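Novice: The file below is structure_35.txt, compact mmCIF, N, CA and C atoms:
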```
# COMPACT_ATOMS: atom_id res chain seq x y z
N MET L 1310 0.83 -1.19 0.00
CA MET L 1310 0.00 0.00 0.00
C MET L 1310 0.87 1.25 0.00
N LYS L 1311 1.88 1.29 0.88
CA LYS L 1311 2.77 2.43 0.97
C LYS L 1311 3.58 2.57 -0.33
N THR L 1312 4.00 1.45 -0.91
CA THR L 1312 4.77 1.45 -2.15
C THR L 1312 3.92 2.00 -3.29
N SER L 1313 2.66 1.60 -3.39
CA SER L 1313 1.81 2.09 -4.47
C SER L 1313 1.54 3.59 -4.33
N ARG L 1314 1.43 4.10 -3.10
CA ARG L 1314 1.23 5.52 -2.88
C ARG L 1314 2.46 6.31 -3.35
N ILE L 1315 3.65 5.79 -3.10
CA ILE L 1315 4.88 6.44 -3.53
C ILE L 1315 4.96 6.44 -5.05
N VAL L 1316 4.63 5.32 -5.67
CA VAL L 1316 4.67 5.22 -7.13
C VAL L 1316 3.71 6.22 -7.76
N PHE L 1317 2.47 6.29 -7.23
CA PHE L 1317 1.48 7.23 -7.78
C PHE L 1317 1.91 8.68 -7.56
N SER L 1318 2.50 8.97 -6.44
CA SER L 1318 3.00 10.32 -6.17
C SER L 1318 4.09 10.69 -7.16
N MET L 1319 5.01 9.77 -7.39
CA MET L 1319 6.10 10.03 -8.33
C MET L 1319 5.57 10.20 -9.75
N LEU L 1320 4.58 9.40 -10.12
CA LEU L 1320 3.98 9.54 -11.45
C LEU L 1320 3.29 10.90 -11.59
N GLY L 1321 2.63 11.34 -10.54
CA GLY L 1321 1.98 12.65 -10.56
C GLY L 1321 2.99 13.78 -10.73
N VAL L 1322 4.08 13.70 -9.98
CA VAL L 1322 5.14 14.71 -10.09
C VAL L 1322 5.73 14.69 -11.49
N LEU L 1323 5.98 13.51 -12.01
CA LEU L 1323 6.53 13.38 -13.36
C LEU L 1323 5.58 13.98 -14.40
N ALA L 1324 4.29 13.73 -14.25
CA ALA L 1324 3.30 14.29 -15.19
C ALA L 1324 3.29 15.81 -15.14
N VAL L 1325 3.33 16.39 -13.95
CA VAL L 1325 3.34 17.85 -13.79
C VAL L 1325 4.61 18.43 -14.42
N LEU L 1326 5.75 17.83 -14.15
CA LEU L 1326 7.01 18.32 -14.71
C LEU L 1326 7.02 18.22 -16.23
N THR L 1327 6.51 17.12 -16.76
CA THR L 1327 6.44 16.94 -18.21
C THR L 1327 5.56 18.01 -18.83
N PHE L 1328 4.40 18.25 -18.24
CA PHE L 1328 3.47 19.27 -18.73
C PHE L 1328 4.11 20.65 -18.70
N ALA L 1329 4.76 20.99 -17.60
CA ALA L 1329 5.40 22.30 -17.46
C ALA L 1329 6.55 22.45 -18.45
N TYR L 1330 7.34 21.42 -18.62
CA TYR L 1330 8.49 21.48 -19.52
C TYR L 1330 8.06 21.59 -20.98
N SER L 1331 6.94 20.97 -21.34
CA SER L 1331 6.50 20.98 -22.73
C SER L 1331 5.90 22.31 -23.15
N GLY L 1332 5.78 23.25 -22.22
CA GLY L 1332 5.24 24.56 -22.59
C GLY L 1332 3.74 24.64 -22.41
N GLY L 1333 3.13 23.66 -21.78
CA GLY L 1333 1.69 23.70 -21.53
C GLY L 1333 1.37 24.70 -20.45
N GLY L 1334 0.11 25.00 -20.29
CA GLY L 1334 -0.31 25.89 -19.23
C GLY L 1334 -0.07 27.35 -19.56
N ALA L 1335 -0.15 28.19 -18.54
CA ALA L 1335 -0.06 29.64 -18.72
C ALA L 1335 1.31 30.07 -19.24
N ALA L 1336 2.37 29.42 -18.79
CA ALA L 1336 3.70 29.81 -19.24
C ALA L 1336 3.82 29.64 -20.74
N GLY L 1337 3.30 28.56 -21.29
CA GLY L 1337 3.34 28.34 -22.74
C GLY L 1337 2.51 29.37 -23.48
N ALA L 1338 1.35 29.71 -22.93
CA ALA L 1338 0.49 30.70 -23.57
C ALA L 1338 1.15 32.07 -23.56
N ASP L 1339 1.80 32.43 -22.45
CA ASP L 1339 2.46 33.72 -22.37
C ASP L 1339 3.59 33.85 -23.38
N SER L 1340 4.32 32.76 -23.64
CA SER L 1340 5.44 32.84 -24.57
C SER L 1340 4.96 33.15 -25.98
N MET L 1341 3.74 32.73 -26.34
CA MET L 1341 3.20 33.03 -27.66
C MET L 1341 2.83 34.51 -27.78
N ALA L 1342 2.56 35.16 -26.65
CA ALA L 1342 2.15 36.55 -26.67
C ALA L 1342 3.34 37.51 -26.65
N GLU L 1343 4.54 36.98 -26.51
CA GLU L 1343 5.71 37.85 -26.47
C GLU L 1343 5.84 38.61 -27.78
N LYS L 1344 6.33 39.84 -27.67
CA LYS L 1344 6.52 40.67 -28.85
C LYS L 1344 7.61 40.06 -29.73
N TRP L 1345 7.36 40.04 -31.01
CA TRP L 1345 8.29 39.48 -31.98
C TRP L 1345 9.08 40.62 -32.59
N LEU L 1346 10.31 40.78 -32.17
CA LEU L 1346 11.15 41.88 -32.63
C LEU L 1346 12.21 41.39 -33.60
N SER L 1347 12.45 42.19 -34.61
CA SER L 1347 13.51 41.85 -35.56
C SER L 1347 14.82 42.46 -35.06
N PRO L 1348 15.94 41.91 -35.51
CA PRO L 1348 17.23 42.51 -35.14
C PRO L 1348 17.32 43.94 -35.70
N ALA L 1349 17.99 44.81 -34.98
CA ALA L 1349 18.09 46.23 -35.37
C ALA L 1349 18.60 46.43 -36.80
N PRO L 1350 19.65 45.70 -37.23
CA PRO L 1350 20.12 45.92 -38.61
C PRO L 1350 19.05 45.58 -39.66
N SER L 1351 18.25 44.55 -39.40
CA SER L 1351 17.18 44.19 -40.33
C SER L 1351 16.08 45.24 -40.31
N ALA L 1352 15.72 45.71 -39.12
CA ALA L 1352 14.67 46.72 -38.99
C ALA L 1352 15.06 48.02 -39.68
N ALA L 1353 16.37 48.32 -39.71
CA ALA L 1353 16.85 49.57 -40.30
C ALA L 1353 16.93 49.51 -41.83
N LYS L 1354 16.80 48.32 -42.39
CA LYS L 1354 16.93 48.17 -43.83
C LYS L 1354 15.80 48.89 -44.56
N LYS L 1355 16.17 49.66 -45.56
CA LYS L 1355 15.19 50.40 -46.36
C LYS L 1355 14.80 49.60 -47.60
N SER L 1356 13.57 49.78 -48.02
CA SER L 1356 13.05 49.04 -49.16
C SER L 1356 13.71 49.48 -50.47
N PRO L 1357 14.20 48.51 -51.22
CA PRO L 1357 14.71 48.83 -52.55
C PRO L 1357 13.58 48.85 -53.60
N ILE L 1358 12.37 48.52 -53.17
CA ILE L 1358 11.22 48.42 -54.08
C ILE L 1358 10.19 49.48 -53.71
N ALA L 1359 9.97 50.43 -54.60
CA ALA L 1359 8.97 51.47 -54.35
C ALA L 1359 7.57 50.84 -54.37
N PRO L 1360 6.65 51.39 -53.57
CA PRO L 1360 5.28 50.83 -53.53
C PRO L 1360 4.43 51.28 -54.71
N THR L 1361 4.86 50.88 -55.90
CA THR L 1361 4.13 51.23 -57.13
C THR L 1361 2.93 50.30 -57.28
N GLN L 1362 2.07 50.62 -58.23
CA GLN L 1362 0.92 49.75 -58.49
C GLN L 1362 1.37 48.35 -58.91
N ASP L 1363 2.45 48.28 -59.68
CA ASP L 1363 2.96 46.97 -60.11
C ASP L 1363 3.47 46.16 -58.93
N SER L 1364 4.20 46.81 -58.02
CA SER L 1364 4.72 46.13 -56.84
C SER L 1364 3.58 45.64 -55.95
N ILE L 1365 2.60 46.49 -55.74
CA ILE L 1365 1.46 46.13 -54.88
C ILE L 1365 0.66 44.98 -55.52
N ALA L 1366 0.48 45.03 -56.84
CA ALA L 1366 -0.24 43.94 -57.53
C ALA L 1366 0.54 42.63 -57.42
N ALA L 1367 1.85 42.70 -57.55
CA ALA L 1367 2.68 41.49 -57.41
C ALA L 1367 2.59 40.97 -55.97
N GLY L 1368 2.61 41.89 -55.00
CA GLY L 1368 2.49 41.50 -53.59
C GLY L 1368 1.13 40.86 -53.30
N GLN L 1369 0.08 41.39 -53.91
CA GLN L 1369 -1.26 40.83 -53.71
C GLN L 1369 -1.33 39.40 -54.25
N LYS L 1370 -0.70 39.16 -55.38
CA LYS L 1370 -0.69 37.82 -55.97
C LYS L 1370 0.03 36.84 -55.02
N ILE L 1371 1.16 37.27 -54.47
CA ILE L 1371 1.92 36.43 -53.53
C ILE L 1371 1.11 36.20 -52.26
N TYR L 1372 0.48 37.26 -51.76
CA TYR L 1372 -0.35 37.17 -50.55
C TYR L 1372 -1.46 36.14 -50.75
N SER L 1373 -2.12 36.20 -51.90
CA SER L 1373 -3.23 35.27 -52.18
C SER L 1373 -2.76 33.82 -52.17
N LYS L 1374 -1.57 33.57 -52.68
CA LYS L 1374 -1.06 32.20 -52.76
C LYS L 1374 -0.41 31.72 -51.47
N THR L 1375 0.23 32.63 -50.74
CA THR L 1375 1.09 32.23 -49.63
C THR L 1375 0.55 32.58 -48.24
N CYS L 1376 -0.20 33.65 -48.13
CA CYS L 1376 -0.54 34.20 -46.81
C CYS L 1376 -2.03 34.15 -46.46
N MET L 1377 -2.88 34.25 -47.47
CA MET L 1377 -4.31 34.41 -47.23
C MET L 1377 -4.93 33.24 -46.46
N MET L 1378 -4.41 32.04 -46.63
CA MET L 1378 -4.98 30.87 -45.95
C MET L 1378 -5.00 31.06 -44.43
N CYS L 1379 -4.02 31.78 -43.90
CA CYS L 1379 -3.97 32.01 -42.44
C CYS L 1379 -4.37 33.43 -42.07
N HIS L 1380 -3.80 34.42 -42.76
CA HIS L 1380 -4.03 35.81 -42.39
C HIS L 1380 -5.37 36.35 -42.87
N GLY L 1381 -6.03 35.64 -43.77
CA GLY L 1381 -7.35 36.06 -44.26
C GLY L 1381 -7.27 37.04 -45.41
N LYS L 1382 -8.37 37.18 -46.11
CA LYS L 1382 -8.42 38.03 -47.30
C LYS L 1382 -8.05 39.48 -47.00
N SER L 1383 -8.52 40.00 -45.87
CA SER L 1383 -8.23 41.40 -45.55
C SER L 1383 -7.26 41.55 -44.37
N GLY L 1384 -6.56 40.47 -44.03
CA GLY L 1384 -5.54 40.55 -42.98
C GLY L 1384 -6.07 40.45 -41.57
N ASP L 1385 -7.31 39.98 -41.40
CA ASP L 1385 -7.93 39.91 -40.08
C ASP L 1385 -7.64 38.61 -39.33
N ALA L 1386 -6.67 37.83 -39.81
CA ALA L 1386 -6.30 36.55 -39.17
C ALA L 1386 -7.49 35.59 -39.12
N ASP L 1387 -8.28 35.58 -40.19
CA ASP L 1387 -9.47 34.75 -40.22
C ASP L 1387 -9.53 33.88 -41.47
N GLY L 1388 -8.35 33.47 -41.95
CA GLY L 1388 -8.30 32.61 -43.12
C GLY L 1388 -8.83 31.22 -42.81
N PRO L 1389 -9.14 30.45 -43.83
CA PRO L 1389 -9.73 29.13 -43.62
C PRO L 1389 -8.83 28.15 -42.85
N ALA L 1390 -7.54 28.35 -42.86
CA ALA L 1390 -6.63 27.43 -42.15
C ALA L 1390 -6.60 27.68 -40.64
N VAL L 1391 -7.08 28.84 -40.20
CA VAL L 1391 -7.02 29.19 -38.77
C VAL L 1391 -7.75 28.16 -37.91
N ILE L 1392 -8.96 27.83 -38.28
CA ILE L 1392 -9.75 26.87 -37.50
C ILE L 1392 -9.20 25.46 -37.69
N GLU L 1393 -8.91 25.11 -38.93
CA GLU L 1393 -8.43 23.76 -39.23
C GLU L 1393 -7.11 23.44 -38.52
N LEU L 1394 -6.19 24.42 -38.47
CA LEU L 1394 -4.88 24.19 -37.86
C LEU L 1394 -4.79 24.66 -36.41
N ASN L 1395 -5.88 25.29 -35.92
CA ASN L 1395 -5.92 25.82 -34.55
C ASN L 1395 -4.72 26.74 -34.29
N ILE L 1396 -4.59 27.76 -35.14
CA ILE L 1396 -3.49 28.72 -35.02
C ILE L 1396 -4.04 30.12 -34.83
N HIS L 1397 -3.16 31.04 -34.44
CA HIS L 1397 -3.53 32.43 -34.21
C HIS L 1397 -2.51 33.33 -34.90
N PRO L 1398 -2.67 33.52 -36.21
CA PRO L 1398 -1.70 34.36 -36.93
C PRO L 1398 -1.87 35.83 -36.58
N ALA L 1399 -0.88 36.62 -36.94
CA ALA L 1399 -0.93 38.06 -36.70
C ALA L 1399 -2.06 38.68 -37.51
N LYS L 1400 -2.69 39.69 -36.92
CA LYS L 1400 -3.71 40.45 -37.64
C LYS L 1400 -3.00 41.56 -38.39
N LEU L 1401 -2.91 41.39 -39.69
CA LEU L 1401 -2.24 42.39 -40.51
C LEU L 1401 -3.08 43.64 -40.68
N SER L 1402 -4.32 43.60 -40.21
CA SER L 1402 -5.20 44.76 -40.25
C SER L 1402 -5.03 45.64 -39.00
N ASN L 1403 -4.19 45.20 -38.08
CA ASN L 1403 -3.93 45.96 -36.85
C ASN L 1403 -3.13 47.22 -37.19
N PRO L 1404 -3.56 48.39 -36.75
CA PRO L 1404 -2.83 49.62 -37.05
C PRO L 1404 -1.38 49.59 -36.54
N HIS L 1405 -1.09 48.75 -35.56
CA HIS L 1405 0.28 48.64 -35.04
C HIS L 1405 1.26 48.24 -36.14
N LEU L 1406 0.77 47.53 -37.15
CA LEU L 1406 1.63 47.10 -38.24
C LEU L 1406 2.32 48.29 -38.91
N ASP L 1407 1.64 49.42 -38.95
CA ASP L 1407 2.21 50.61 -39.57
C ASP L 1407 3.40 51.17 -38.79
N THR L 1408 3.55 50.77 -37.54
CA THR L 1408 4.68 51.28 -36.74
C THR L 1408 5.93 50.43 -36.96
N GLU L 1409 5.78 49.29 -37.61
CA GLU L 1409 6.94 48.43 -37.88
C GLU L 1409 7.57 48.81 -39.21
N SER L 1410 8.88 48.82 -39.24
CA SER L 1410 9.58 49.17 -40.48
C SER L 1410 9.40 48.07 -41.51
N GLY L 1411 9.56 48.44 -42.76
CA GLY L 1411 9.51 47.45 -43.83
C GLY L 1411 10.58 46.39 -43.65
N GLY L 1412 11.76 46.83 -43.23
CA GLY L 1412 12.85 45.88 -43.00
C GLY L 1412 12.50 44.85 -41.94
N ALA L 1413 11.82 45.29 -40.88
CA ALA L 1413 11.40 44.36 -39.82
C ALA L 1413 10.40 43.35 -40.36
N LEU L 1414 9.47 43.81 -41.19
CA LEU L 1414 8.47 42.90 -41.76
C LEU L 1414 9.11 41.92 -42.74
N VAL L 1415 10.05 42.39 -43.55
CA VAL L 1415 10.74 41.48 -44.47
C VAL L 1415 11.50 40.43 -43.67
N TRP L 1416 12.13 40.83 -42.58
CA TRP L 1416 12.86 39.87 -41.73
C TRP L 1416 11.90 38.81 -41.18
N LYS L 1417 10.71 39.23 -40.73
CA LYS L 1417 9.73 38.28 -40.18
C LYS L 1417 9.24 37.33 -41.26
N ILE L 1418 8.99 37.84 -42.45
CA ILE L 1418 8.57 36.99 -43.57
C ILE L 1418 9.69 36.00 -43.91
N THR L 1419 10.92 36.48 -43.87
CA THR L 1419 12.07 35.66 -44.22
C THR L 1419 12.31 34.54 -43.22
N THR L 1420 12.31 34.88 -41.94
CA THR L 1420 12.68 33.90 -40.91
C THR L 1420 11.51 33.10 -40.37
N GLY L 1421 10.31 33.67 -40.37
CA GLY L 1421 9.16 32.98 -39.82
C GLY L 1421 9.27 32.76 -38.32
N ARG L 1422 8.17 32.37 -37.73
CA ARG L 1422 8.09 31.96 -36.32
C ARG L 1422 6.81 31.18 -36.18
N LYS L 1423 6.90 30.02 -35.56
CA LYS L 1423 5.73 29.14 -35.47
C LYS L 1423 4.52 29.92 -35.01
N PRO L 1424 3.43 29.73 -35.70
CA PRO L 1424 3.16 28.74 -36.73
C PRO L 1424 3.51 29.21 -38.15
N MET L 1425 4.02 30.43 -38.32
CA MET L 1425 4.32 30.94 -39.65
C MET L 1425 5.63 30.36 -40.16
N PRO L 1426 5.61 29.80 -41.38
CA PRO L 1426 6.85 29.23 -41.91
C PRO L 1426 7.81 30.32 -42.37
N ALA L 1427 9.08 29.98 -42.42
CA ALA L 1427 10.09 30.87 -43.00
C ALA L 1427 9.89 30.89 -44.51
N ASN L 1428 9.96 32.06 -45.09
CA ASN L 1428 9.77 32.19 -46.54
C ASN L 1428 11.02 32.70 -47.25
N GLY L 1429 12.14 32.68 -46.54
CA GLY L 1429 13.39 33.18 -47.12
C GLY L 1429 13.84 32.40 -48.34
N LYS L 1430 13.57 31.12 -48.39
CA LYS L 1430 13.97 30.31 -49.54
C LYS L 1430 12.83 30.14 -50.53
N ARG L 1431 11.63 30.37 -50.07
CA ARG L 1431 10.44 30.18 -50.90
C ARG L 1431 10.15 31.43 -51.75
N LEU L 1432 10.44 32.59 -51.20
CA LEU L 1432 10.17 33.85 -51.89
C LEU L 1432 11.46 34.63 -52.09
N SER L 1433 11.61 35.26 -53.25
CA SER L 1433 12.78 36.09 -53.50
C SER L 1433 12.71 37.34 -52.62
N GLU L 1434 13.82 38.04 -52.49
CA GLU L 1434 13.81 39.27 -51.70
C GLU L 1434 12.85 40.29 -52.32
N THR L 1435 12.82 40.37 -53.63
CA THR L 1435 11.88 41.28 -54.31
C THR L 1435 10.44 40.90 -53.98
N ASP L 1436 10.14 39.60 -54.00
CA ASP L 1436 8.79 39.15 -53.65
C ASP L 1436 8.43 39.55 -52.23
N ARG L 1437 9.37 39.43 -51.30
CA ARG L 1437 9.09 39.77 -49.90
C ARG L 1437 8.84 41.27 -49.75
N TRP L 1438 9.59 42.10 -50.46
CA TRP L 1438 9.34 43.55 -50.40
C TRP L 1438 8.00 43.89 -51.05
N ASN L 1439 7.67 43.23 -52.16
CA ASN L 1439 6.36 43.44 -52.79
C ASN L 1439 5.24 43.05 -51.82
N LEU L 1440 5.45 41.98 -51.09
CA LEU L 1440 4.47 41.53 -50.11
C LEU L 1440 4.27 42.58 -49.02
N VAL L 1441 5.35 43.16 -48.54
CA VAL L 1441 5.26 44.24 -47.54
C VAL L 1441 4.51 45.43 -48.13
N ASN L 1442 4.83 45.79 -49.37
CA ASN L 1442 4.13 46.91 -50.01
C ASN L 1442 2.63 46.63 -50.08
N TYR L 1443 2.26 45.39 -50.39
CA TYR L 1443 0.84 45.05 -50.44
C TYR L 1443 0.20 45.09 -49.05
N THR L 1444 0.83 44.49 -48.04
CA THR L 1444 0.20 44.46 -46.71
C THR L 1444 0.02 45.86 -46.15
N ARG L 1445 0.84 46.78 -46.58
CA ARG L 1445 0.66 48.18 -46.15
C ARG L 1445 -0.64 48.78 -46.68
N THR L 1446 -1.20 48.20 -47.73
CA THR L 1446 -2.44 48.73 -48.30
C THR L 1446 -3.70 48.14 -47.66
N LEU L 1447 -3.54 47.10 -46.85
CA LEU L 1447 -4.71 46.48 -46.22
C LEU L 1447 -5.36 47.48 -45.27
N PRO L 1448 -6.70 47.55 -45.25
CA PRO L 1448 -7.38 48.46 -44.32
C PRO L 1448 -7.00 48.12 -42.88
N LYS L 1449 -6.73 49.15 -42.10
CA LYS L 1449 -6.34 48.95 -40.70
C LYS L 1449 -7.52 49.32 -39.80
N HIS L 1450 -7.72 48.47 -38.78
CA HIS L 1450 -8.76 48.75 -37.78
C HIS L 1450 -8.44 47.98 -36.51
N ARG L 1451 -8.88 48.51 -35.40
CA ARG L 1451 -8.65 47.86 -34.11
C ARG L 1451 -9.62 46.70 -33.94
N ALA L 1452 -9.16 45.69 -33.22
CA ALA L 1452 -10.00 44.51 -32.97
C ALA L 1452 -11.15 44.84 -32.05
```
As structure tokens, how would this structure be written, given the file I've shared?

Specialist:
Amino acid sequence: MKTSRIVFSMLGVLAVLTFAYSGGGAAGADSMAEKWLSPAPSAAKKSPIAPTQDSIAAGQKIYSKTCMMCHGKSGDADGPAVIELNIHPAKLSNPHLDTESGGALVWKITTGRKPMPANGKRLSETDRWNLVNYTRTLPKHRA
């Protein structure tokens, strides 16, 4: 009886430690809410691509193929993959996006962060700047 109580106690402690270590619970949720900052040199980078109609149209085409499934048609993080994959992508319609430099956004597109994949090898640098030019045109509104 005493041995079984010790075994169950140890199993309980092991389960709690495993859950805590895996990022479950409030600590795991808080880490997802942390601000995603780009390195200063990347944030300082200026766009080599002017936001012309051609650039914005090219960015819209890339957005439709690569980003809309999660970020949604108008950037409200309500794309069809959100429910299916149980993810919470950034709301590109948030006015805060306008406070981030183009270089910071290109860095985020390039490197990704779960659940968003890295697009540095998938999209050319020109494509990533066109994408930033397009996302800047999305209507901004508070949630």

Novice: What's the separation between CA of Ala1366 (chain L) and CA of Lys1354 (chain L), in Å to one decimal place?

Specialist: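 The value is 22.4 Å.
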
Novice: What does the distance from atom N of Arg1422 (chain L) to CA of Ala1399 (chain L) come to in Å, to one decimal?

Specialist: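 If I compute the distance from atom N of Arg1422 (chain L) to CA of Ala1399 (chain L), I get 10.8 Å.
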
Novice: With a distance cut-off of 8 Å and only N, CA and C atoms, select the neighbouring residues of Asp1387 (chain L), excluding the residue or stretch itself and same-chain residues fewer than 5 positions from it, and output the selection as a PyMOL selection string.

Specialist: chain L and resi 1377-1382+1392+1398-1401

Novice: Go through L:Arg1451, L:Val1391, L:Ser1347, L:Ala1359 one by one, measure the shortest atom-to-atom distance of each to Trp1438 (chain L) using only N, CA and C atoms, and give the residue with the smallest value.

Specialist: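 Of all the options, L:Ala1359 lies closest to Trp1438 (chain L).
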
Novice: Work out how far atom N of Gly1368 (chain L) is from CA of Asn1439 (chain L), in Å to one decimal.

Specialist: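 We find that CA of Asn1439 (chain L) and atom N of Gly1368 (chain L) lie 4.6 Å from each other.
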
Novice: Return as lines of an AutoDock Vina configuration file the box centre and box size in Å, one decimal, for an axis-aligned box around all listed atoms of region 1350-1368 of chain L padded by 5 Å per side.

Specialist:
```
center_x = 9.9
center_y = 46.2
center_z = -48.7
size_x = 30.4
size_y = 20.6
size_z = 32.9
```

Novice: For region 1415-1421 of chain L, work out the shell of residues within 7 Å, counting all atoms listed in the file and skipping chain neighbours fewer than 4 positions away, then give it as number ranges by chain.

Specialist: L: 1347, 1351-1352, 1410-1411, 1425-1430, 1437-1438, 1441

Novice: Write the residues of the selection above to a file with N, CA and C atoms, as a tab-separated table (two decimals), in the frame of the given file.

Specialist:
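part-v5.tsv was written with the following content:
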```
chain	number	residue	atom	x	y	z
L	1347	SER	N	12.45	42.19	-34.61
L	1347	SER	CA	13.51	41.85	-35.56
L	1347	SER	C	14.82	42.46	-35.06
L	1351	SER	N	18.25	44.55	-39.40
L	1351	SER	CA	17.18	44.19	-40.33
L	1351	SER	C	16.08	45.24	-40.31
L	1352	ALA	N	15.72	45.71	-39.12
L	1352	ALA	CA	14.67	46.72	-38.99
L	1352	ALA	C	15.06	48.02	-39.68
L	1410	SER	N	8.88	48.82	-39.24
L	1410	SER	CA	9.58	49.17	-40.48
L	1410	SER	C	9.40	48.07	-41.51
L	1411	GLY	N	9.56	48.44	-42.76
L	1411	GLY	CA	9.51	47.45	-43.83
L	1411	GLY	C	10.58	46.39	-43.65
L	1425	MET	N	4.02	30.43	-38.32
L	1425	MET	CA	4.32	30.94	-39.65
L	1425	MET	C	5.63	30.36	-40.16
L	1426	PRO	N	5.61	29.80	-41.38
L	1426	PRO	CA	6.85	29.23	-41.91
L	1426	PRO	C	7.81	30.32	-42.37
L	1427	ALA	N	9.08	29.98	-42.42
L	1427	ALA	CA	10.09	30.87	-43.00
L	1427	ALA	C	9.89	30.89	-44.51
L	1428	ASN	N	9.96	32.06	-45.09
L	1428	ASN	CA	9.77	32.19	-46.54
L	1428	ASN	C	11.02	32.70	-47.25
L	1429	GLY	N	12.14	32.68	-46.54
L	1429	GLY	CA	13.39	33.18	-47.12
L	1429	GLY	C	13.84	32.40	-48.34
L	1430	LYS	N	13.57	31.12	-48.39
L	1430	LYS	CA	13.97	30.31	-49.54
L	1430	LYS	C	12.83	30.14	-50.53
L	1437	ARG	N	9.37	39.43	-51.30
L	1437	ARG	CA	9.09	39.77	-49.90
L	1437	ARG	C	8.84	41.27	-49.75
L	1438	TRP	N	9.59	42.10	-50.46
L	1438	TRP	CA	9.34	43.55	-50.40
L	1438	TRP	C	8.00	43.89	-51.05
L	1441	VAL	N	5.35	43.16	-48.54
L	1441	VAL	CA	5.26	44.24	-47.54
L	1441	VAL	C	4.51	45.43	-48.13
```

Novice: May I have the residues within 6.5 Å of region 1402-1405 of chain L as an NGL selection string, using only N, CA and C atoms and disregarding those fewer than 5 positions away in the same chain?

Specialist: :L and (1383-1386 or 1447-1452)

Novice: Measuring atom to atom with only C-alpha atoms, identify which of L:Trp1345, L:Thr1446, L:Pro1350, L:Leu1440 is nearest to Ser1364 (chain L).

Specialist: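 Using only C-alpha atoms, the shortest distance to Ser1364 (chain L) belongs to L:Leu1440.
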
Novice: Write out as an mmCIF file with N, CA and C atoms, keeping the file's coordinate frame all residues of region 1407-1445 of chain L that backbone DSSP assigns to helix (DSSP H, G or I).

Specialist:
```cif
data_model
loop_
_atom_site.group_PDB
_atom_site.id
_atom_site.type_symbol
_atom_site.label_atom_id
_atom_site.label_comp_id
_atom_site.auth_asym_id
_atom_site.auth_seq_id
_atom_site.Cartn_x
_atom_site.Cartn_y
_atom_site.Cartn_z
ATOM 1 N N ASP L 1407 1.640 49.420 -38.950
ATOM 2 C CA ASP L 1407 2.210 50.610 -39.570
ATOM 3 C C ASP L 1407 3.400 51.170 -38.790
ATOM 4 N N THR L 1408 3.550 50.770 -37.540
ATOM 5 C CA THR L 1408 4.680 51.280 -36.740
ATOM 6 C C THR L 1408 5.930 50.430 -36.960
ATOM 7 N N GLY L 1411 9.560 48.440 -42.760
ATOM 8 C CA GLY L 1411 9.510 47.450 -43.830
ATOM 9 C C GLY L 1411 10.580 46.390 -43.650
ATOM 10 N N GLY L 1412 11.760 46.830 -43.230
ATOM 11 C CA GLY L 1412 12.850 45.880 -43.000
ATOM 12 C C GLY L 1412 12.500 44.850 -41.940
ATOM 13 N N ALA L 1413 11.820 45.290 -40.880
ATOM 14 C CA ALA L 1413 11.400 44.360 -39.820
ATOM 15 C C ALA L 1413 10.400 43.350 -40.360
ATOM 16 N N LEU L 1414 9.470 43.810 -41.190
ATOM 17 C CA LEU L 1414 8.470 42.900 -41.760
ATOM 18 C C LEU L 1414 9.110 41.920 -42.740
ATOM 19 N N VAL L 1415 10.050 42.390 -43.550
ATOM 20 C CA VAL L 1415 10.740 41.480 -44.470
ATOM 21 C C VAL L 1415 11.500 40.430 -43.670
ATOM 22 N N TRP L 1416 12.130 40.830 -42.580
ATOM 23 C CA TRP L 1416 12.860 39.870 -41.730
ATOM 24 C C TRP L 1416 11.900 38.810 -41.180
ATOM 25 N N LYS L 1417 10.710 39.230 -40.730
ATOM 26 C CA LYS L 1417 9.730 38.280 -40.180
ATOM 27 C C LYS L 1417 9.240 37.330 -41.260
ATOM 28 N N ILE L 1418 8.990 37.840 -42.450
ATOM 29 C CA ILE L 1418 8.570 36.990 -43.570
ATOM 30 C C ILE L 1418 9.690 36.000 -43.910
ATOM 31 N N THR L 1419 10.920 36.480 -43.870
ATOM 32 C CA THR L 1419 12.070 35.660 -44.220
ATOM 33 C C THR L 1419 12.310 34.540 -43.220
ATOM 34 N N THR L 1420 12.310 34.880 -41.940
ATOM 35 C CA THR L 1420 12.680 33.900 -40.910
ATOM 36 C C THR L 1420 11.510 33.100 -40.370
ATOM 37 N N GLU L 1434 13.820 38.040 -52.490
ATOM 38 C CA GLU L 1434 13.810 39.270 -51.700
ATOM 39 C C GLU L 1434 12.850 40.290 -52.320
ATOM 40 N N THR L 1435 12.820 40.370 -53.630
ATOM 41 C CA THR L 1435 11.880 41.280 -54.310
ATOM 42 C C THR L 1435 10.440 40.900 -53.980
ATOM 43 N N ASP L 1436 10.140 39.600 -54.000
ATOM 44 C CA ASP L 1436 8.790 39.150 -53.650
ATOM 45 C C ASP L 1436 8.430 39.550 -52.230
ATOM 46 N N ARG L 1437 9.370 39.430 -51.300
ATOM 47 C CA ARG L 1437 9.090 39.770 -49.900
ATOM 48 C C ARG L 1437 8.840 41.270 -49.750
ATOM 49 N N TRP L 1438 9.590 42.100 -50.460
ATOM 50 C CA TRP L 1438 9.340 43.550 -50.400
ATOM 51 C C TRP L 1438 8.000 43.890 -51.050
ATOM 52 N N ASN L 1439 7.670 43.230 -52.160
ATOM 53 C CA ASN L 1439 6.360 43.440 -52.790
ATOM 54 C C ASN L 1439 5.240 43.050 -51.820
ATOM 55 N N LEU L 1440 5.450 41.980 -51.090
ATOM 56 C CA LEU L 1440 4.470 41.530 -50.110
ATOM 57 C C LEU L 1440 4.270 42.580 -49.020
ATOM 58 N N VAL L 1441 5.350 43.160 -48.540
ATOM 59 C CA VAL L 1441 5.260 44.240 -47.540
ATOM 60 C C VAL L 1441 4.510 45.430 -48.130
ATOM 61 N N ASN L 1442 4.830 45.790 -49.370
ATOM 62 C CA ASN L 1442 4.130 46.910 -50.010
ATOM 63 C C ASN L 1442 2.630 46.630 -50.080
ATOM 64 N N TYR L 1443 2.260 45.390 -50.390
ATOM 65 C CA TYR L 1443 0.840 45.050 -50.440
ATOM 66 C C TYR L 1443 0.200 45.090 -49.050
ATOM 67 N N THR L 1444 0.830 44.490 -48.040
ATOM 68 C CA THR L 1444 0.200 44.460 -46.710
ATOM 69 C C THR L 1444 0.020 45.860 -46.150
#
```
